[in-house]
$ cat protein-v6.txt   # compact mmCIF, C-alpha atoms
# COMPACT_ATOMS: atom_id res chain seq x y z
CA MET V 1 -5.50 -3.40 -2.42
CA HIS V 2 -7.48 -5.78 -4.63
CA GLU V 3 -4.59 -8.15 -5.32
CA MET V 4 -6.39 -11.30 -4.15
CA GLY V 5 -9.14 -10.85 -6.75
CA ILE V 6 -6.51 -10.19 -9.41
CA ALA V 7 -4.58 -13.31 -8.35
CA ALA V 8 -7.77 -15.40 -8.63
CA GLU V 9 -8.38 -14.05 -12.14
CA ILE V 10 -4.78 -14.82 -13.16
CA ILE V 11 -5.15 -18.39 -11.88
CA LYS V 12 -8.39 -18.79 -13.83
CA ILE V 13 -6.77 -17.60 -17.07
CA ALA V 14 -3.59 -19.65 -16.52
CA GLU V 15 -5.45 -22.88 -15.66
CA SER V 16 -7.65 -22.58 -18.73
CA SER V 17 -4.49 -22.25 -20.85
CA ILE V 18 -2.99 -25.58 -19.78
CA PRO V 19 -3.25 -27.97 -22.77
CA GLU V 20 -5.87 -30.69 -22.22
CA ASP V 21 -3.42 -33.52 -22.83
CA PHE V 22 -0.82 -32.18 -20.37
CA ASP V 23 -0.85 -33.60 -16.86
CA GLY V 24 2.53 -32.39 -15.52
CA ALA V 25 3.43 -29.38 -13.44
CA VAL V 26 3.29 -25.72 -14.36
CA GLU V 27 6.72 -24.28 -13.59
CA LYS V 28 6.24 -20.60 -14.28
CA VAL V 29 3.59 -17.96 -14.79
CA ASN V 30 4.99 -14.95 -16.64
CA MET V 31 3.42 -11.53 -16.07
CA ARG V 32 3.88 -7.98 -17.33
CA ILE V 33 2.82 -5.39 -14.77
CA GLY V 34 2.95 -1.66 -15.41
CA LYS V 35 4.04 0.66 -12.63
CA MET V 36 0.79 2.57 -13.07
CA SER V 37 -1.49 -0.47 -12.73
CA SER V 38 -2.28 0.09 -9.03
CA VAL V 39 -1.02 -3.40 -8.29
CA VAL V 40 1.80 -4.03 -5.84
CA PRO V 41 3.92 -6.82 -7.37
CA GLU V 42 5.07 -8.19 -4.01
CA SER V 43 1.49 -8.37 -2.70
CA LEU V 44 0.25 -9.95 -5.90
CA LYS V 45 2.93 -12.64 -5.66
CA PHE V 46 1.99 -13.28 -2.04
CA CYS V 47 -1.69 -13.63 -3.02
CA PHE V 48 -0.86 -15.83 -6.00
CA ASP V 49 1.08 -18.24 -3.79
CA ILE V 50 -1.87 -18.56 -1.39
CA ALA V 51 -4.66 -18.66 -3.98
CA SER V 52 -2.89 -21.23 -6.16
CA GLU V 53 -2.46 -23.67 -3.27
CA ASP V 54 -5.31 -26.00 -4.35
CA THR V 55 -4.87 -25.55 -8.09
CA ARG V 56 -2.65 -26.93 -10.84
CA LEU V 57 -0.48 -23.85 -10.46
CA LYS V 58 0.65 -24.78 -6.96
CA GLY V 59 4.36 -24.18 -6.60
CA ALA V 60 4.71 -22.35 -9.92
CA ASP V 61 7.15 -19.44 -10.02
CA PHE V 62 5.32 -16.16 -10.39
CA VAL V 63 7.61 -14.07 -12.59
CA ILE V 64 6.88 -10.36 -12.96
CA GLU V 65 8.35 -8.07 -15.58
CA GLU V 66 7.75 -4.52 -14.35
CA ILE V 67 6.96 -2.07 -17.11
CA PRO V 68 7.92 1.58 -16.63
CA VAL V 69 5.50 4.44 -17.23
CA VAL V 70 6.34 5.99 -20.58
CA PHE V 71 4.43 8.83 -22.18
CA LEU V 72 4.54 10.62 -25.48
CA CYS V 73 4.60 14.41 -25.51
CA LYS V 74 1.96 15.66 -27.92
CA GLU V 75 3.85 18.92 -28.39
CA CYS V 76 7.40 17.77 -29.30
CA GLU V 77 6.58 14.07 -29.90
CA LYS V 78 9.44 12.88 -27.66
CA GLU V 79 8.98 9.98 -25.27
CA THR V 80 9.64 10.38 -21.55
CA GLU V 81 9.96 7.70 -18.88
CA ALA V 82 8.14 9.04 -15.83
CA ASP V 83 10.20 8.97 -12.67
CA GLY V 84 7.66 10.76 -10.48
CA PRO V 85 4.01 11.61 -10.27
CA GLN V 86 4.12 14.60 -12.59
CA PHE V 87 3.53 14.02 -16.24
CA SER V 88 5.51 16.67 -18.06
CA CYS V 89 7.89 16.19 -20.97
CA LYS V 90 11.58 16.12 -20.02
CA GLU V 91 12.50 17.71 -23.36
CA CYS V 92 10.11 20.65 -23.70
CA GLY V 93 8.17 20.70 -20.42
CA GLY V 94 4.91 20.07 -22.32
CA LYS V 95 2.01 18.70 -20.30
CA LYS V 96 -0.20 17.42 -23.08
CA ILE V 97 0.80 13.79 -23.04
CA GLU V 98 -0.42 10.36 -23.98
CA ILE V 99 0.50 7.41 -21.77
CA ILE V 100 1.93 4.68 -23.97
CA SER V 101 2.98 2.15 -21.36
CA GLY V 102 2.81 1.52 -17.64
CA LYS V 103 -0.81 0.38 -17.26
CA GLU V 104 -0.19 -3.24 -18.27
CA LEU V 105 -1.60 -6.05 -16.19
CA GLU V 106 -1.12 -9.03 -18.45
CA ILE V 107 -0.35 -12.69 -18.25
CA THR V 108 2.04 -13.38 -21.12
CA SER V 109 2.68 -17.14 -20.85
CA ILE V 110 2.91 -20.20 -18.67
CA GLU V 111 5.86 -22.59 -18.77
CA LEU V 112 5.23 -26.31 -18.41
CA GLU V 113 7.70 -28.95 -17.22
CA ASP V 114 9.24 -31.04 -20.02
CA MET Y 1 7.38 -25.88 -22.94
CA GLU Y 2 6.06 -22.36 -22.99
CA VAL Y 3 2.37 -21.70 -23.70
CA LYS Y 4 1.85 -18.15 -24.95
CA ILE Y 5 -1.23 -16.44 -23.57
CA VAL Y 6 -0.86 -12.62 -23.69
CA LYS Y 7 -4.14 -11.78 -22.08
CA LYS Y 8 -5.11 -8.78 -19.98
CA VAL Y 9 -6.02 -9.91 -16.49
CA LEU Y 10 -8.91 -7.44 -16.47
CA ASP Y 11 -10.21 -8.66 -19.83
CA ALA Y 12 -13.39 -10.03 -18.27
CA ASN Y 13 -14.06 -6.66 -16.64
CA ASP Y 14 -13.23 -4.71 -19.79
CA THR Y 15 -15.54 -6.90 -21.88
CA MET Y 16 -18.40 -6.40 -19.42
CA ALA Y 17 -17.68 -2.66 -19.36
CA GLU Y 18 -18.05 -2.52 -23.16
CA GLU Y 19 -21.37 -4.37 -22.88
CA ASN Y 20 -22.50 -1.85 -20.27
CA ARG Y 21 -21.43 1.00 -22.56
CA LYS Y 22 -23.52 -0.46 -25.37
CA LEU Y 23 -26.52 -0.86 -23.07
CA PHE Y 24 -26.24 2.75 -21.88
CA ARG Y 25 -25.83 3.98 -25.47
CA ASP Y 26 -28.91 2.05 -26.60
CA LYS Y 27 -30.96 3.50 -23.75
CA ASN Y 28 -29.44 6.96 -24.26
CA VAL Y 29 -28.21 7.24 -20.67
CA TYR Y 30 -25.15 9.36 -19.83
CA VAL Y 31 -23.01 7.71 -17.14
CA LEU Y 32 -20.80 9.67 -14.78
CA ASN Y 33 -18.42 7.80 -12.48
CA ILE Y 34 -17.51 9.86 -9.39
CA MET Y 35 -14.49 8.97 -7.28
CA SER Y 36 -12.83 10.43 -4.20
CA SER Y 37 -11.43 9.50 -0.83
CA PRO Y 38 -13.92 8.68 1.96
CA GLY Y 39 -15.46 11.72 3.62
CA SER Y 40 -14.77 14.23 0.86
CA GLY Y 41 -18.47 14.89 0.39
CA LYS Y 42 -19.49 12.88 -2.67
CA THR Y 43 -22.91 12.00 -1.32
CA GLU Y 44 -23.73 15.50 -0.06
CA THR Y 45 -22.58 16.96 -3.41
CA LEU Y 46 -24.92 14.56 -5.19
CA VAL Y 47 -27.82 15.16 -2.81
CA LYS Y 48 -27.64 18.91 -3.51
CA SER Y 49 -26.82 18.54 -7.22
CA LEU Y 50 -29.55 16.04 -8.02
CA ALA Y 51 -32.20 18.05 -6.21
CA ARG Y 52 -31.40 20.93 -8.58
CA LEU Y 53 -30.96 18.80 -11.72
CA GLU Y 54 -33.99 16.62 -11.21
CA PRO Y 55 -36.65 18.85 -12.79
CA GLU Y 56 -34.58 19.07 -15.98
CA LEU Y 57 -32.84 15.68 -16.04
CA LYS Y 58 -34.16 12.33 -14.92
CA THR Y 59 -31.43 10.81 -12.80
CA ALA Y 60 -30.47 7.63 -11.02
CA VAL Y 61 -27.53 6.77 -8.80
CA ILE Y 62 -25.66 3.56 -8.13
CA VAL Y 63 -23.82 4.07 -4.89
CA GLY Y 64 -21.10 1.78 -3.62
CA ASP Y 65 -19.98 1.24 -0.06
CA VAL Y 66 -18.55 -1.70 1.77
CA CYS Y 67 -21.52 -1.65 4.17
CA THR Y 68 -24.80 0.19 5.01
CA THR Y 69 -27.54 1.73 2.86
CA ASN Y 70 -27.05 5.19 4.43
CA ASP Y 71 -26.03 6.89 1.20
CA ALA Y 72 -28.90 5.52 -0.88
CA ASP Y 73 -31.33 6.56 1.87
CA ARG Y 74 -29.96 10.14 1.76
CA LEU Y 75 -30.04 10.29 -2.05
CA ASN Y 76 -33.56 8.89 -2.47
CA VAL Y 77 -34.94 11.91 -0.63
CA THR Y 78 -33.99 14.10 -3.62
CA GLY Y 79 -36.38 12.28 -5.96
CA THR Y 80 -33.65 10.36 -7.74
CA HIS Y 81 -33.65 6.57 -7.78
CA ALA Y 82 -30.64 5.40 -5.79
CA VAL Y 83 -29.49 1.79 -5.68
CA GLN Y 84 -27.00 0.85 -3.00
CA VAL Y 85 -24.34 -1.72 -3.76
CA ASN Y 86 -22.59 -3.19 -0.76
CA THR Y 87 -19.39 -4.83 -1.83
CA ASP Y 88 -19.20 -7.28 1.05
CA GLU Y 89 -21.61 -9.26 -1.10
CA PHE Y 90 -18.85 -9.34 -3.73
CA GLY Y 91 -15.93 -10.00 -1.40
CA GLY Y 92 -15.49 -6.62 0.30
CA ASP Y 93 -14.04 -5.05 -2.81
CA CYS Y 94 -12.43 -1.63 -2.71
CA HIS Y 95 -13.89 -0.56 -6.07
CA LEU Y 96 -16.98 -1.12 -8.22
CA ALA Y 97 -16.37 -3.53 -11.10
CA ALA Y 98 -18.31 -3.67 -14.38
CA HIS Y 99 -20.38 -6.74 -13.49
CA VAL Y 100 -21.57 -5.08 -10.27
CA ILE Y 101 -22.73 -2.03 -12.26
CA ARG Y 102 -24.45 -4.31 -14.78
CA LYS Y 103 -26.44 -6.04 -12.08
CA ALA Y 104 -27.47 -2.76 -10.44
CA ALA Y 105 -28.26 -1.05 -13.76
CA LEU Y 106 -30.64 -3.81 -14.79
CA ASP Y 107 -32.70 -3.00 -11.69
CA LEU Y 108 -33.20 0.57 -12.95
CA ASP Y 109 -35.74 1.82 -15.47
CA LEU Y 110 -33.05 2.93 -17.92
CA GLU Y 111 -35.62 4.02 -20.53
CA SER Y 112 -36.71 6.89 -18.31
CA ILE Y 113 -33.23 8.05 -17.20
CA ASP Y 114 -31.03 10.74 -18.78
CA LEU Y 115 -28.15 10.63 -16.30
CA LEU Y 116 -26.84 7.73 -14.25
CA ILE Y 117 -24.29 8.66 -11.63
CA VAL Y 118 -22.07 6.00 -10.12
CA GLU Y 119 -20.80 7.06 -6.72
CA ASN Y 120 -17.78 4.82 -6.44
CA ILE Y 121 -16.32 3.51 -3.20
CA GLY Y 122 -14.30 6.08 -1.28
CA ASN Y 123 -10.75 5.25 -2.32
CA LEU Y 124 -8.17 7.12 -4.36
CA VAL Y 125 -6.24 4.02 -5.35
CA CYS Y 126 -7.96 1.42 -7.49
CA PRO Y 127 -11.46 2.48 -8.61
CA ALA Y 128 -9.86 4.29 -11.56
CA GLU Y 129 -8.39 1.00 -12.80
CA PHE Y 130 -11.80 -0.52 -13.40
CA ASP Y 131 -13.74 0.54 -16.48
CA ILE Y 132 -17.45 0.23 -15.72
CA GLY Y 133 -18.76 1.48 -19.07
CA GLU Y 134 -19.02 5.11 -18.04
CA ASP Y 135 -18.91 8.13 -20.38
CA SER Y 136 -16.91 10.33 -18.08
CA ARG Y 137 -15.11 10.34 -14.74
CA VAL Y 138 -15.08 13.00 -12.08
CA VAL Y 139 -12.65 13.13 -9.17
CA LEU Y 140 -13.62 15.04 -6.07
CA LEU Y 141 -11.21 16.42 -3.49
CA SER Y 142 -12.19 18.35 -0.39
CA VAL Y 143 -10.24 21.24 1.09
CA THR Y 144 -9.91 19.37 4.39
CA GLU Y 145 -7.51 17.02 2.59
CA GLY Y 146 -3.97 17.97 1.49
CA GLU Y 147 -3.21 20.16 -1.53
CA ASP Y 148 -0.76 17.46 -2.61
CA LYS Y 149 -3.33 14.64 -2.89
CA PRO Y 150 -3.19 14.83 -6.72
CA LEU Y 151 0.58 14.28 -6.54
CA LYS Y 152 0.20 11.43 -4.05
CA TYR Y 153 -2.48 9.67 -6.12
CA PRO Y 154 -1.48 10.63 -9.67
CA VAL Y 155 -3.12 7.64 -11.35
CA MET Y 156 -6.53 8.63 -10.02
CA PHE Y 157 -6.09 12.26 -11.06
CA LYS Y 158 -4.73 11.24 -14.46
CA LEU Y 159 -7.45 8.75 -15.32
CA CYS Y 160 -10.32 10.92 -14.08
CA SER Y 161 -10.20 13.31 -16.98
CA GLY Y 162 -13.81 14.54 -17.14
CA ALA Y 163 -13.70 17.08 -14.34
CA ALA Y 164 -12.19 17.71 -10.92
CA VAL Y 165 -14.24 19.16 -8.08
CA LEU Y 166 -12.77 20.93 -5.05
CA ASN Y 167 -15.43 20.66 -2.34
CA LYS Y 168 -16.07 22.28 1.06
CA VAL Y 169 -14.74 25.70 -0.01
CA ASP Y 170 -16.95 27.25 2.72
CA LEU Y 171 -14.32 25.96 5.17
CA LEU Y 172 -11.40 27.78 3.49
CA PRO Y 173 -11.34 30.73 5.97
CA TYR Y 174 -10.68 28.26 8.80
CA LEU Y 175 -8.00 26.18 7.07
CA ASP Y 176 -4.44 26.61 5.80
CA PHE Y 177 -5.42 24.90 2.56
CA ASN Y 178 -4.03 26.70 -0.51
CA ILE Y 179 -6.71 26.12 -3.13
CA ASP Y 180 -4.68 27.59 -6.00
CA GLU Y 181 -1.85 25.18 -5.23
CA ALA Y 182 -4.33 22.27 -5.18
CA GLU Y 183 -5.68 23.31 -8.58
CA ASP Y 184 -2.13 23.71 -9.95
CA ASN Y 185 -1.33 20.19 -8.74
CA ILE Y 186 -4.40 18.79 -10.48
CA LYS Y 187 -3.50 20.66 -13.68
CA SER Y 188 0.12 19.51 -13.51
CA ILE Y 189 -1.27 16.00 -14.00
CA ASN Y 190 -4.23 16.81 -16.22
CA PRO Y 191 -3.69 20.22 -17.87
CA ASP Y 192 -7.03 20.46 -19.70
CA ILE Y 193 -9.35 19.25 -16.96
CA PRO Y 194 -12.11 21.65 -15.84
CA VAL Y 195 -11.86 22.31 -12.10
CA PHE Y 196 -14.93 23.39 -10.11
CA ARG Y 197 -14.66 24.98 -6.67
CA ILE Y 198 -17.84 24.22 -4.79
CA SER Y 199 -19.41 23.89 -1.38
CA ALA Y 200 -22.02 21.16 -1.12
CA LYS Y 201 -23.16 22.83 2.12
CA THR Y 202 -23.80 26.35 0.77
CA GLU Y 203 -24.08 25.42 -2.94
CA GLU Y 204 -21.44 28.01 -3.79
CA GLY Y 205 -20.02 27.30 -7.26
CA PHE Y 206 -22.93 25.03 -8.17
CA ASP Y 207 -24.05 27.00 -11.25
CA ASP Y 208 -20.87 26.20 -13.21
CA TRP Y 209 -20.70 22.63 -11.90
CA LEU Y 210 -24.31 21.86 -12.82
CA SER Y 211 -23.95 23.56 -16.23
CA TRP Y 212 -21.02 21.27 -16.97
CA ILE Y 213 -23.13 18.21 -16.10
CA LYS Y 214 -26.04 19.39 -18.26
CA ASP Y 215 -23.68 20.10 -21.18
CA VAL Y 216 -22.02 16.67 -21.10
CA VAL Y 217 -25.38 14.90 -20.80
CA LYS Y 218 -26.70 16.85 -23.83
CA SER Y 219 -23.55 16.03 -25.79
CA LYS Y 220 -24.30 12.27 -25.81

$ encode --input "protein-v6.txt" --output "structure tokens"
Amino acid sequence: MHEMGIAAEIIKIAESSIPEDFDGAVEKVNMRIGKMSSVVPESLKFCFDIASEDTRLKGADFVIEEIPVVFLCKECEKETEADGPQFSCKECGGKKIEIISGKELEITSIELED
Amino acid sequence: MEVKIVKKVLDANDTMAEENRKLFRDKNVYVLNIMSSPGSGKTETLVKSLARLEPELKTAVIVGDVCTTNDADRLNVTGTHAVQVNTDEFGGDCHLAAHVIRKAALDLDLESIDLLIVENIGNLVCPAEFDIGEDSRVVLLSVTEGEDKPLKYPVMFKLCSGAAVLNKVDLLPYLDFNIDEAEDNIKSINPDIPVFRISAKTEEGFDDWLSWIKDVVKSK
């Protein structure tokens, strides 16, 4: 829904991370995106390709590692990977949980041509 | 060559949200962020709630919409101070971000306010992703929507952990809506959340709802 704004922010962060003395091409932008981040990876990639057109990131591969939603049951302390919208422990059925991954929206690195 | 970055894309928003939180703490203002789909009755709920809270609590509202000042006009009648934010100014956003709240909050007399309510943009998808520096989040669902909305939009119902409000209960006799099922669905996602069944039209259920607001404001 708001992927264009997110893409613009990613481009800003990535461009500011290019070393000052480097004038070659950026080959890859590596991302980690949680399944609970309200971002649609395909749409974000589409927006990135458009928004990076007039930047130093033009043509860079936008690589997304999707992170599953994992929560910790506060009752039996087991971890569950959520496969649907309900957050209950697969082991004991407990509903008191803490989300430990799945909300990531991070740029992890850029890869520069040699 | 790989250049490591490891930075949250929403870092800039999160940093601004923390600055907002500090500002609100310094001014002793409790901030409630209310979210729902469009048309579920957020504004009417606030119009009725603020009119009853106003003698006891000094309130202000930041209300977000893509266009028009209709909501602020309705809210200002209650005696609150409502500031309308139209997001077309900020690119037609579908949520309120921390810097937008900052700008609007600085236009308010925070020294004289106990409770600032942010009426977010009607949308069950992304407003919950954006921290604005609030103390608590409320999600509102009306009985003219489906009982399964919490299951369809689990992120919203998970991240709004302050309270859930089921609105328009005066319409229940005319609908097939199963309110117990709706509440069960909310609790399947957020087991400890208080759920209030209200009608903004008749003010049914308002005593408990308004008591909850007064209690959380006093707790800050």

$ residues_around --input "protein-v6.txt" --residues "Ala82 (chain V)" --least-positions-apart "3" --cutoff "7 Å" --atoms "all atoms listed in the file" --output "PyMOL selection string"
chain V and resi 69-70+87

$ residues_around --input "protein-v6.txt" --residues "region 2-8 of chain V" --least-positions-apart "6" --cutoff "7 Å" --atoms "all atoms listed in the file" --output "list in words"
Val39, Ser43, Leu44, Cys47, Phe48 and Ala51 of chain V; Asp93 and Cys94 of chain Y

$ closest_atom_pairs --input "protein-v6.txt" --of "chain Y" --to "chain V" --cutoff "8 Å" --atoms "all atoms listed in the file" --output "CSV"
residue,atom,partner,partner_atom,distance
Y:Met1,CA,V:Leu112,CA,5.0
Y:Glu2,CA,V:Glu111,CA,4.2
Y:Val3,CA,V:Ile110,CA,5.3
Y:Lys4,CA,V:Ser109,CA,4.3
Y:Ile5,CA,V:Ser109,CA,4.8
Y:Val6,CA,V:Thr108,CA,3.9
Y:Lys7,CA,V:Glu106,CA,5.5
Y:Lys8,CA,V:Glu106,CA,4.3
Y:Val9,CA,V:Glu106,CA,5.4
Y:Leu10,CA,V:Leu105,CA,7.4
Y:Asp93,CA,V:His2,CA,6.8
Y:Cys94,CA,V:His2,CA,6.7
Y:Val125,CA,V:Ser38,CA,6.7
Y:Cys126,CA,V:Ser38,CA,6.0
Y:Glu129,CA,V:Ser37,CA,7.1
Y:Leu151,CA,V:Pro85,CA,5.7
Y:Lys152,CA,V:Pro85,CA,7.3
Y:Tyr153,CA,V:Pro85,CA,7.9
Y:Pro154,CA,V:Pro85,CA,5.6
Y:Val155,CA,V:Met36,CA,6.6
Y:Ser188,CA,V:Gln86,CA,6.4
Y:Ile189,CA,V:Phe87,CA,5.7
Y:Asn190,CA,V:Lys95,CA,7.7
Y:Pro191,CA,V:Lys95,CA,6.4

$ write_last_selection --input "protein-v6.txt" --atoms "C-alpha atoms" --output "PDB file, keeping the file's coordinate frame"
ATOM      1  CA  MET Y   1       7.380 -25.880 -22.940  1.00  0.00           C
ATOM      2  CA  GLU Y   2       6.060 -22.360 -22.990  1.00  0.00           C
ATOM      3  CA  VAL Y   3       2.370 -21.700 -23.700  1.00  0.00           C
ATOM      4  CA  LYS Y   4       1.850 -18.150 -24.950  1.00  0.00           C
ATOM      5  CA  ILE Y   5      -1.230 -16.440 -23.570  1.00  0.00           C
ATOM      6  CA  VAL Y   6      -0.860 -12.620 -23.690  1.00  0.00           C
ATOM      7  CA  LYS Y   7      -4.140 -11.780 -22.080  1.00  0.00           C
ATOM      8  CA  LYS Y   8      -5.110  -8.780 -19.980  1.00  0.00           C
ATOM      9  CA  VAL Y   9      -6.020  -9.910 -16.490  1.00  0.00           C
ATOM     10  CA  LEU Y  10      -8.910  -7.440 -16.470  1.00  0.00           C
ATOM     11  CA  ASP Y  93     -14.040  -5.050  -2.810  1.00  0.00           C
ATOM     12  CA  CYS Y  94     -12.430  -1.630  -2.710  1.00  0.00           C
ATOM     13  CA  VAL Y 125      -6.240   4.020  -5.350  1.00  0.00           C
ATOM     14  CA  CYS Y 126      -7.960   1.420  -7.490  1.00  0.00           C
ATOM     15  CA  GLU Y 129      -8.390   1.000 -12.800  1.00  0.00           C
ATOM     16  CA  LEU Y 151       0.580  14.280  -6.540  1.00  0.00           C
ATOM     17  CA  LYS Y 152       0.200  11.430  -4.050  1.00  0.00           C
ATOM     18  CA  TYR Y 153      -2.480   9.670  -6.120  1.00  0.00           C
ATOM     19  CA  PRO Y 154      -1.480  10.630  -9.670  1.00  0.00           C
ATOM     20  CA  VAL Y 155      -3.120   7.640 -11.350  1.00  0.00           C
ATOM     21  CA  SER Y 188       0.120  19.510 -13.510  1.00  0.00           C
ATOM     22  CA  ILE Y 189      -1.270  16.000 -14.000  1.00  0.00           C
ATOM     23  CA  ASN Y 190      -4.230  16.810 -16.220  1.00  0.00           C
ATOM     24  CA  PRO Y 191      -3.690  20.220 -17.870  1.00  0.00           C
TER      25      PRO Y 191
END

$ atom_distance --input "protein-v6.txt" --atom1 "CA of Ser49 (chain Y)" --atom2 "CA of Arg25 (chain Y)"
23.4 Å

$ atom_distance --input "protein-v6.txt" --atom1 "CA of Val217 (chain Y)" --atom2 "CA of Gly162 (chain Y)"
12.1 Å

$ residues_near_point --input "protein-v6.txt" --point "(-31.4, 13.0, 1.2)" --cutoff "12 Å" --atoms "only C-alpha atoms" --output "list of chain:residue names"
Y:Thr43, Y:Glu44, Y:Thr45, Y:Leu46, Y:Val47, Y:Lys48, Y:Ser49, Y:Leu50, Y:Ala51, Y:Asn70, Y:Asp71, Y:Ala72, Y:Asp73, Y:Arg74, Y:Leu75, Y:Asn76, Y:Val77, Y:Thr78, Y:Gly79, Y:Thr80, Y:His81, Y:Ala82

$ atom_distance --input "protein-v6.txt" --atom1 "CA of Phe177 (chain Y)" --atom2 "CA of Asp207 (chain Y)"
23.3 Å

$ residues_around --input "protein-v6.txt" --residues "region 109-112 of chain Y" --least-positions-apart "6" --cutoff "12 Å" --atoms "only C-alpha atoms" --output "tab-separated table (two decimals) with C-alpha atoms, in the frame of the given file"
chain	number	residue	atom	x	y	z
Y	20	ASN	CA	-22.50	-1.85	-20.27
Y	23	LEU	CA	-26.52	-0.86	-23.07
Y	24	PHE	CA	-26.24	2.75	-21.88
Y	25	ARG	CA	-25.83	3.98	-25.47
Y	26	ASP	CA	-28.91	2.05	-26.60
Y	27	LYS	CA	-30.96	3.50	-23.75
Y	28	ASN	CA	-29.44	6.96	-24.26
Y	29	VAL	CA	-28.21	7.24	-20.67
Y	30	TYR	CA	-25.15	9.36	-19.83
Y	31	VAL	CA	-23.01	7.71	-17.14
Y	57	LEU	CA	-32.84	15.68	-16.04
Y	58	LYS	CA	-34.16	12.33	-14.92
Y	59	THR	CA	-31.43	10.81	-12.80
Y	60	ALA	CA	-30.47	7.63	-11.02
Y	61	VAL	CA	-27.53	6.77	-8.80
Y	80	THR	CA	-33.65	10.36	-7.74
Y	81	HIS	CA	-33.65	6.57	-7.78
Y	82	ALA	CA	-30.64	5.40	-5.79
Y	83	VAL	CA	-29.49	1.79	-5.68
Y	102	ARG	CA	-24.45	-4.31	-14.78

$ residues_near_point --input "protein-v6.txt" --point "(-24.0, 8.1, -10.1)" --cutoff "7 Å" --atoms "all atoms listed in the file" --output "number ranges by chain"
Y: 32-34, 60-63, 116-119

$ closest_residue --input "protein-v6.txt" --among "Y:Asp192, Y:Glu147, Y:Glu203, Y:Asp131" --to "Asn13 (chain Y)" --atoms "all atoms listed in the file"
Y:Asp131

$ build_atoms --input "protein-v6.txt" --residues "region 53-64 of chain V" --atoms "N, CA, C and O atoms" --output "compact mmCIF listing (two decimals), in the coordinates of the input"
# COMPACT_ATOMS: atom_id res chain seq x y z
N GLU V 53 -2.76 -22.50 -4.13
CA GLU V 53 -2.46 -23.67 -3.27
C GLU V 53 -3.21 -24.94 -3.71
O GLU V 53 -2.63 -26.00 -3.81
N ASP V 54 -4.51 -24.82 -3.99
CA ASP V 54 -5.31 -26.00 -4.35
C ASP V 54 -5.58 -26.07 -5.85
O ASP V 54 -6.61 -26.59 -6.28
N THR V 55 -4.66 -25.55 -6.64
CA THR V 55 -4.87 -25.55 -8.09
C THR V 55 -3.68 -26.22 -8.78
O THR V 55 -2.68 -26.54 -8.12
N ARG V 56 -3.76 -26.33 -10.09
CA ARG V 56 -2.65 -26.93 -10.84
C ARG V 56 -1.45 -26.00 -10.93
O ARG V 56 -0.41 -26.36 -11.46
N LEU V 57 -1.59 -24.81 -10.42
CA LEU V 57 -0.48 -23.85 -10.46
C LEU V 57 0.33 -23.86 -9.18
O LEU V 57 1.26 -23.07 -9.01
N LYS V 58 -0.05 -24.71 -8.25
CA LYS V 58 0.65 -24.78 -6.96
C LYS V 58 2.16 -24.93 -7.18
O LYS V 58 2.60 -25.79 -7.95
N GLY V 59 2.91 -24.09 -6.53
CA GLY V 59 4.36 -24.18 -6.60
C GLY V 59 4.98 -23.51 -7.81
O GLY V 59 6.21 -23.42 -7.93
N ALA V 60 4.15 -23.01 -8.72
CA ALA V 60 4.71 -22.35 -9.92
C ALA V 60 5.38 -21.03 -9.53
O ALA V 60 4.93 -20.34 -8.62
N ASP V 61 6.48 -20.73 -10.24
CA ASP V 61 7.15 -19.44 -10.02
C ASP V 61 6.32 -18.34 -10.63
O ASP V 61 5.88 -18.45 -11.78
N PHE V 62 6.11 -17.29 -9.90
CA PHE V 62 5.32 -16.16 -10.39
C PHE V 62 6.32 -15.08 -10.80
O PHE V 62 6.92 -14.43 -9.96
N VAL V 63 6.53 -14.93 -12.10
CA VAL V 63 7.61 -14.07 -12.59
C VAL V 63 7.01 -12.76 -13.14
O VAL V 63 6.16 -12.79 -14.04
N ILE V 64 7.46 -11.66 -12.57
CA ILE V 64 6.88 -10.36 -12.96
C ILE V 64 7.91 -9.52 -13.69
O ILE V 64 9.01 -9.28 -13.18
